[in-house]
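J.: Would you mind keeping the following structure in view while I ask a few things?
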Amino acid sequence: MSEVKDTLIEELEKVKQKCFSCQKCSLAKTRTNIVFSGGIPNRKLMLIGEAPGYYEDKKGEPFVGKAGQLLDKIFASVGLSRENDVYICNTIKCRPPDNRDPLPEEKEACKEYLDAQIEILKPRIILLCGRVAVNSLLGTTQGITKIRGKWYAGPNNSKMMPIFHPSYLLRNDSREKGSPKWLMWQDIQEIKKVYSALEECSQKTLF
Ligand code: SF4
């Protein structure tokens, strides 16, 4: 488990409050709730998803519904959880109507909130979950199948890895070698290995 100072929590709270009254793009007119973050503020592991969907918009939480349950199972398979280990947020904070992709101007308008979340927490590992997050953070339109599972240099000397979105995994049920679910299993083990190494490092610095 990773702890962050109260001052960082306060900084995140200030950004959240600003976000809650945000009218910077047209999604403000159609949202039910702002979806700012989920999980635990954590300086080691952040997951960035795409945009809130139907259930997220209703509840004001990221990754609820079937995709969220699968994400929890993937983390649990290596002993991680959103309650103890992962800070979760999205590229944009309001739901695009009919779950369409966010428009470039919406991503640009919302960028300051995601940038602030990254800058305040300075996570060591950032997981880019799905195409929209990959495009926003890596600036590439390459297919996720090609770039998933590899580490890329991220902000503040972090390591970023693109991973499949759980919605995609729900649509591809095979577990055979080489299938998306099998590849996700390889990726989550690699992520856990790097995460555990960070945990060991921080334990040593305590003594
Ligand atoms: S999507 Fe982002 S920029 Fe647009 S209204 Fe919501 S919080 Fe503001």
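Chain lettering (A, B, ...) mirrors the order of the structure tokens, residue numbering begins at 1 for each chain separately, and ligand numbering begins at 1 in order of display.
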List all protein, DNA and RNA residues that have any atom at most 6 Å from ligand 1, counting only C-alpha atoms and all ligand atoms, and write the list as a PyMOL selection string.
T.: chain A and resi 19+22-25+27-28+92-94+106+109-110
J.: Atoms to include: N, CA and C atoms. Write the selected residues as a PDB file, in the first residue's frame.
T.:
```pdb
ATOM      1  N   CYS A  19     -13.174  21.132 -11.092  1.00  0.00           N
ATOM      2  CA  CYS A  19     -13.738  20.263 -12.119  1.00  0.00           C
ATOM      3  C   CYS A  19     -15.260  20.161 -11.964  1.00  0.00           C
ATOM      4  N   CYS A  22     -17.070  22.781 -13.673  1.00  0.00           N
ATOM      5  CA  CYS A  22     -16.515  23.086 -15.001  1.00  0.00           C
ATOM      6  C   CYS A  22     -17.593  23.130 -16.095  1.00  0.00           C
ATOM      7  N   GLN A  23     -17.499  24.147 -16.919  1.00  0.00           N
ATOM      8  CA  GLN A  23     -18.419  24.307 -18.072  1.00  0.00           C
ATOM      9  C   GLN A  23     -17.587  24.547 -19.332  1.00  0.00           C
ATOM     10  N   LYS A  24     -16.343  24.042 -19.332  1.00  0.00           N
ATOM     11  CA  LYS A  24     -15.430  24.413 -20.411  1.00  0.00           C
ATOM     12  C   LYS A  24     -15.766  23.797 -21.767  1.00  0.00           C
ATOM     13  N   CYS A  25     -16.506  22.683 -21.749  1.00  0.00           N
ATOM     14  CA  CYS A  25     -16.894  22.129 -23.055  1.00  0.00           C
ATOM     15  C   CYS A  25     -18.359  21.719 -23.016  1.00  0.00           C
ATOM     16  N   LEU A  27     -19.860  19.013 -23.052  1.00  0.00           N
ATOM     17  CA  LEU A  27     -20.258  17.824 -22.284  1.00  0.00           C
ATOM     18  C   LEU A  27     -20.854  18.201 -20.924  1.00  0.00           C
ATOM     19  N   ALA A  28     -20.587  19.423 -20.488  1.00  0.00           N
ATOM     20  CA  ALA A  28     -21.167  19.899 -19.219  1.00  0.00           C
ATOM     21  C   ALA A  28     -22.697  19.896 -19.287  1.00  0.00           C
ATOM     22  N   ILE A  92     -11.021  12.254 -20.045  1.00  0.00           N
ATOM     23  CA  ILE A  92     -11.957  13.364 -19.824  1.00  0.00           C
ATOM     24  C   ILE A  92     -12.951  12.978 -18.730  1.00  0.00           C
ATOM     25  N   LYS A  93     -13.506  13.976 -18.088  1.00  0.00           N
ATOM     26  CA  LYS A  93     -14.245  13.745 -16.844  1.00  0.00           C
ATOM     27  C   LYS A  93     -15.765  13.682 -17.011  1.00  0.00           C
ATOM     28  N   CYS A  94     -16.283  14.020 -18.198  1.00  0.00           N
ATOM     29  CA  CYS A  94     -17.733  13.957 -18.416  1.00  0.00           C
ATOM     30  C   CYS A  94     -18.026  12.994 -19.564  1.00  0.00           C
ATOM     31  N   GLU A 106     -12.774  18.623 -26.809  1.00  0.00           N
ATOM     32  CA  GLU A 106     -13.163  18.211 -25.450  1.00  0.00           C
ATOM     33  C   GLU A 106     -11.931  17.707 -24.677  1.00  0.00           C
ATOM     34  N   ALA A 109      -9.901  20.709 -23.756  1.00  0.00           N
ATOM     35  CA  ALA A 109     -10.504  21.487 -22.657  1.00  0.00           C
ATOM     36  C   ALA A 109     -10.276  20.801 -21.312  1.00  0.00           C
ATOM     37  N   CYS A 110     -10.319  19.475 -21.318  1.00  0.00           N
ATOM     38  CA  CYS A 110     -10.253  18.726 -20.050  1.00  0.00           C
ATOM     39  C   CYS A 110      -8.820  18.395 -19.624  1.00  0.00           C
TER      40      CYS A 110
END
```
J.: Could you go through segment 158-198 of chain A and tell me which residues DSSP, when run on the backbone, assigns to helix (DSSP H, G or I), listing them as an MDAnalysis selection string?
T.: chainID A and resid 166:171 180:198
J.: Ranking A:Ala51, A:Ile88, A:Ile126, A:Leu121 by minimum distance to Pro102 of chain A and counting only C-alpha atoms, which one comes first?
T.: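 Going through A:Ala51, A:Ile88, A:Ile126, A:Leu121 one by one, the smallest distance to Pro102 of chain A is for A:Ala51.
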J.: Which residues come within 8 Å of segment 130-133 of chain A, counting only C-alpha atoms, excluding same-chain residues fewer than 6 positions away, as an mmCIF file with N, CA and C atoms, in the first residue's frame?
T.:
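Result file result36.cif:
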```
data_model
loop_
_atom_site.group_PDB
_atom_site.id
_atom_site.type_symbol
_atom_site.label_atom_id
_atom_site.label_comp_id
_atom_site.auth_asym_id
_atom_site.auth_seq_id
_atom_site.Cartn_x
_atom_site.Cartn_y
_atom_site.Cartn_z
ATOM 1 N N ILE A 48 -5.129 5.355 -16.329
ATOM 2 C CA ILE A 48 -5.901 6.384 -17.043
ATOM 3 C C ILE A 48 -6.769 5.698 -18.098
ATOM 4 N N GLY A 49 -8.072 5.842 -17.942
ATOM 5 C CA GLY A 49 -9.001 5.252 -18.901
ATOM 6 C C GLY A 49 -9.414 6.274 -19.952
ATOM 7 N N GLU A 50 -10.523 5.996 -20.599
ATOM 8 C CA GLU A 50 -10.922 6.838 -21.736
ATOM 9 C C GLU A 50 -11.844 7.963 -21.291
ATOM 10 N N ASN A 90 -9.813 9.248 -15.711
ATOM 11 C CA ASN A 90 -10.073 9.158 -17.145
ATOM 12 C C ASN A 90 -9.454 10.340 -17.880
ATOM 13 N N THR A 91 -9.327 10.171 -19.184
ATOM 14 C CA THR A 91 -8.793 11.254 -20.017
ATOM 15 C C THR A 91 -9.711 12.478 -19.960
ATOM 16 N N ASP A 101 -16.482 8.641 -29.040
ATOM 17 C CA ASP A 101 -15.135 9.082 -28.661
ATOM 18 C C ASP A 101 -15.157 10.566 -28.302
ATOM 19 N N THR A 141 -1.498 7.084 -33.010
ATOM 20 C CA THR A 141 -2.764 6.450 -33.390
ATOM 21 C C THR A 141 -2.545 4.973 -33.708
ATOM 22 N N GLY A 143 -2.418 1.054 -33.375
ATOM 23 C CA GLY A 143 -3.352 0.153 -32.697
ATOM 24 C C GLY A 143 -2.772 -0.345 -31.379
ATOM 25 N N ILE A 144 -3.643 -0.519 -30.404
ATOM 26 C CA ILE A 144 -3.180 -0.907 -29.068
ATOM 27 C C ILE A 144 -2.555 -2.304 -29.061
ATOM 28 N N PRO A 162 0.753 0.989 -22.301
ATOM 29 C CA PRO A 162 -0.603 0.826 -22.843
ATOM 30 C C PRO A 162 -1.118 -0.587 -22.539
ATOM 31 N N ILE A 163 -2.364 -0.669 -22.122
ATOM 32 C CA ILE A 163 -2.991 -1.981 -21.897
ATOM 33 C C ILE A 163 -4.371 -1.999 -22.559
ATOM 34 N N PHE A 164 -4.880 -3.206 -22.806
ATOM 35 C CA PHE A 164 -6.227 -3.320 -23.378
ATOM 36 C C PHE A 164 -7.255 -2.749 -22.410
ATOM 37 N N HIS A 165 -8.310 -2.158 -22.985
ATOM 38 C CA HIS A 165 -9.431 -1.722 -22.156
ATOM 39 C C HIS A 165 -10.254 -2.966 -21.783
#
```
J.: Which segment 9-119 of chain A residues have any atom within 10 Å of an atom of segment 169-182 of chain A, and for each, what is the nearest pair of atoms with distance in Å to one decimal, counting only C-alpha atoms, rows sorted by chain and number, as JSON lines?
T.:
```
{"residue": "A:Lys66", "atom": "CA", "partner": "A:Leu170", "partner_atom": "CA", "distance": 8.2}
{"residue": "A:Ala67", "atom": "CA", "partner": "A:Leu170", "partner_atom": "CA", "distance": 7.2}
{"residue": "A:Leu70", "atom": "CA", "partner": "A:Leu170", "partner_atom": "CA", "distance": 8.0}
{"residue": "A:Leu71", "atom": "CA", "partner": "A:Leu169", "partner_atom": "CA", "distance": 9.7}
{"residue": "A:Ile74", "atom": "CA", "partner": "A:Lys181", "partner_atom": "CA", "distance": 9.7}
```
J.: Quick one: residues within 10 Å of Ser158 of chain A, only C-alpha atoms, excluding same-chain residues fewer than 6 positions away - as a ChimeraX atom specification?
T.: /A:44-45,122-126,151-152
J.: Considering only strand (DSSP E) as DSSP defines it on the backbone, what residues of chain A qualify? List them as a list in words.
T.: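 Here are the strand (DSSP E) residues of chain A: Gly38, Gly39, Leu45, Met46, Leu47, Ile48, Gly49, Tyr87, Ile88, Cys89, Asn90, Ile125, Ile126, Leu127, Leu128, Cys129, Tyr152, Ala153, Lys159, Met160, Met161, Pro162 and Ile163 of chain A.
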J.: For the residues selected in the previous step, produce a file with N, CA and C atoms as an mmCIF file, in the first residue's frame.
T.:
```cif
data_model
loop_
_atom_site.group_PDB
_atom_site.id
_atom_site.type_symbol
_atom_site.label_atom_id
_atom_site.label_comp_id
_atom_site.auth_asym_id
_atom_site.auth_seq_id
_atom_site.Cartn_x
_atom_site.Cartn_y
_atom_site.Cartn_z
ATOM 1 N N GLY A 38 -11.125 7.467 -8.959
ATOM 2 C CA GLY A 38 -11.518 6.350 -8.106
ATOM 3 C C GLY A 38 -10.252 5.727 -7.542
ATOM 4 N N GLY A 39 -10.424 4.688 -6.748
ATOM 5 C CA GLY A 39 -9.250 4.044 -6.157
ATOM 6 C C GLY A 39 -8.634 4.906 -5.085
ATOM 7 N N LEU A 45 1.076 3.877 -8.670
ATOM 8 C CA LEU A 45 0.337 3.304 -9.791
ATOM 9 C C LEU A 45 -0.932 4.092 -10.106
ATOM 10 N N MET A 46 -0.972 4.609 -11.346
ATOM 11 C CA MET A 46 -2.164 5.337 -11.822
ATOM 12 C C MET A 46 -2.661 4.658 -13.086
ATOM 13 N N LEU A 47 -3.956 4.498 -13.200
ATOM 14 C CA LEU A 47 -4.536 3.984 -14.433
ATOM 15 C C LEU A 47 -5.382 5.089 -15.062
ATOM 16 N N ILE A 48 -5.129 5.355 -16.329
ATOM 17 C CA ILE A 48 -5.901 6.384 -17.043
ATOM 18 C C ILE A 48 -6.769 5.698 -18.098
ATOM 19 N N GLY A 49 -8.072 5.842 -17.942
ATOM 20 C CA GLY A 49 -9.001 5.252 -18.901
ATOM 21 C C GLY A 49 -9.414 6.274 -19.952
ATOM 22 N N TYR A 87 -4.684 4.397 -8.330
ATOM 23 C CA TYR A 87 -5.466 5.623 -8.509
ATOM 24 C C TYR A 87 -6.008 5.583 -9.931
ATOM 25 N N ILE A 88 -7.313 5.755 -10.067
ATOM 26 C CA ILE A 88 -7.942 5.602 -11.380
ATOM 27 C C ILE A 88 -8.574 6.918 -11.822
ATOM 28 N N CYS A 89 -8.293 7.313 -13.061
ATOM 29 C CA CYS A 89 -8.982 8.491 -13.593
ATOM 30 C C CYS A 89 -9.163 8.298 -15.099
ATOM 31 N N ASN A 90 -9.813 9.248 -15.711
ATOM 32 C CA ASN A 90 -10.073 9.158 -17.145
ATOM 33 C C ASN A 90 -9.454 10.340 -17.880
ATOM 34 N N ILE A 125 4.288 4.568 -12.111
ATOM 35 C CA ILE A 125 3.780 3.719 -13.200
ATOM 36 C C ILE A 125 2.432 4.288 -13.644
ATOM 37 N N ILE A 126 2.285 4.480 -14.965
ATOM 38 C CA ILE A 126 1.009 4.949 -15.501
ATOM 39 C C ILE A 126 0.524 3.930 -16.536
ATOM 40 N N LEU A 127 -0.671 3.408 -16.321
ATOM 41 C CA LEU A 127 -1.251 2.465 -17.274
ATOM 42 C C LEU A 127 -2.235 3.216 -18.166
ATOM 43 N N LEU A 128 -2.040 3.096 -19.466
ATOM 44 C CA LEU A 128 -2.905 3.776 -20.433
ATOM 45 C C LEU A 128 -3.905 2.758 -20.942
ATOM 46 N N CYS A 129 -5.121 2.884 -20.463
ATOM 47 C CA CYS A 129 -6.111 1.835 -20.680
ATOM 48 C C CYS A 129 -7.012 2.181 -21.853
ATOM 49 N N TYR A 152 6.942 2.810 -21.948
ATOM 50 C CA TYR A 152 7.304 4.072 -22.614
ATOM 51 C C TYR A 152 7.664 5.100 -21.541
ATOM 52 N N ALA A 153 8.517 6.059 -21.928
ATOM 53 C CA ALA A 153 8.884 7.108 -20.970
ATOM 54 C C ALA A 153 7.691 8.024 -20.759
ATOM 55 N N LYS A 159 7.077 5.361 -15.838
ATOM 56 C CA LYS A 159 7.018 4.355 -16.895
ATOM 57 C C LYS A 159 5.544 4.216 -17.284
ATOM 58 N N MET A 160 5.269 4.324 -18.591
ATOM 59 C CA MET A 160 3.876 4.205 -19.040
ATOM 60 C C MET A 160 3.723 2.943 -19.878
ATOM 61 N N MET A 161 2.626 2.221 -19.620
ATOM 62 C CA MET A 161 2.355 1.039 -20.439
ATOM 63 C C MET A 161 0.916 1.080 -20.977
ATOM 64 N N PRO A 162 0.753 0.989 -22.301
ATOM 65 C CA PRO A 162 -0.603 0.826 -22.843
ATOM 66 C C PRO A 162 -1.118 -0.587 -22.539
ATOM 67 N N ILE A 163 -2.364 -0.669 -22.122
ATOM 68 C CA ILE A 163 -2.991 -1.981 -21.897
ATOM 69 C C ILE A 163 -4.371 -1.999 -22.559
#
```
J.: Identify, on the basis of only C-alpha atoms, every residue whose closest approach to Val78 of chain A does not exceed 7 Å; exclude the query and any residue fewer than 2 positions from it along the same chain; express the result as a PyMOL selection string.
T.: chain A and resi 75-76+80+189+192
J.: Restricting it to N, CA and C atoms, dump the selection as a PDB file, in the first residue's frame.
T.:
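Full text of result_16.pdb as output:
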```
ATOM      1  N   PHE A  75      -6.636  -6.906 -11.659  1.00  0.00           N
ATOM      2  CA  PHE A  75      -5.735  -6.456 -10.587  1.00  0.00           C
ATOM      3  C   PHE A  75      -5.640  -7.521  -9.485  1.00  0.00           C
ATOM      4  N   ALA A  76      -6.790  -8.081  -9.111  1.00  0.00           N
ATOM      5  CA  ALA A  76      -6.796  -9.069  -8.007  1.00  0.00           C
ATOM      6  C   ALA A  76      -5.959 -10.303  -8.362  1.00  0.00           C
ATOM      7  N   LEU A  80      -3.348  -7.004  -6.470  1.00  0.00           N
ATOM      8  CA  LEU A  80      -3.532  -5.544  -6.398  1.00  0.00           C
ATOM      9  C   LEU A  80      -5.026  -5.216  -6.317  1.00  0.00           C
ATOM     10  N   GLN A 189       1.227  -9.225 -15.156  1.00  0.00           N
ATOM     11  CA  GLN A 189       2.346  -9.803 -14.392  1.00  0.00           C
ATOM     12  C   GLN A 189       3.588  -8.908 -14.464  1.00  0.00           C
ATOM     13  N   LYS A 192       2.961  -5.969 -12.224  1.00  0.00           N
ATOM     14  CA  LYS A 192       3.118  -6.326 -10.810  1.00  0.00           C
ATOM     15  C   LYS A 192       4.601  -6.428 -10.445  1.00  0.00           C
TER      16      LYS A 192
END
```
J.: If we count only C-alpha atoms, what is near Ser77 of chain A at a cut-off of 9 Å, once residues fewer than 4 positions away on the same chain are taken out, given as a list of chain:residue names?
T.: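 The residues that qualify are A:Asp72, A:Lys73, A:Trp185, A:Ile188, A:Gln189.
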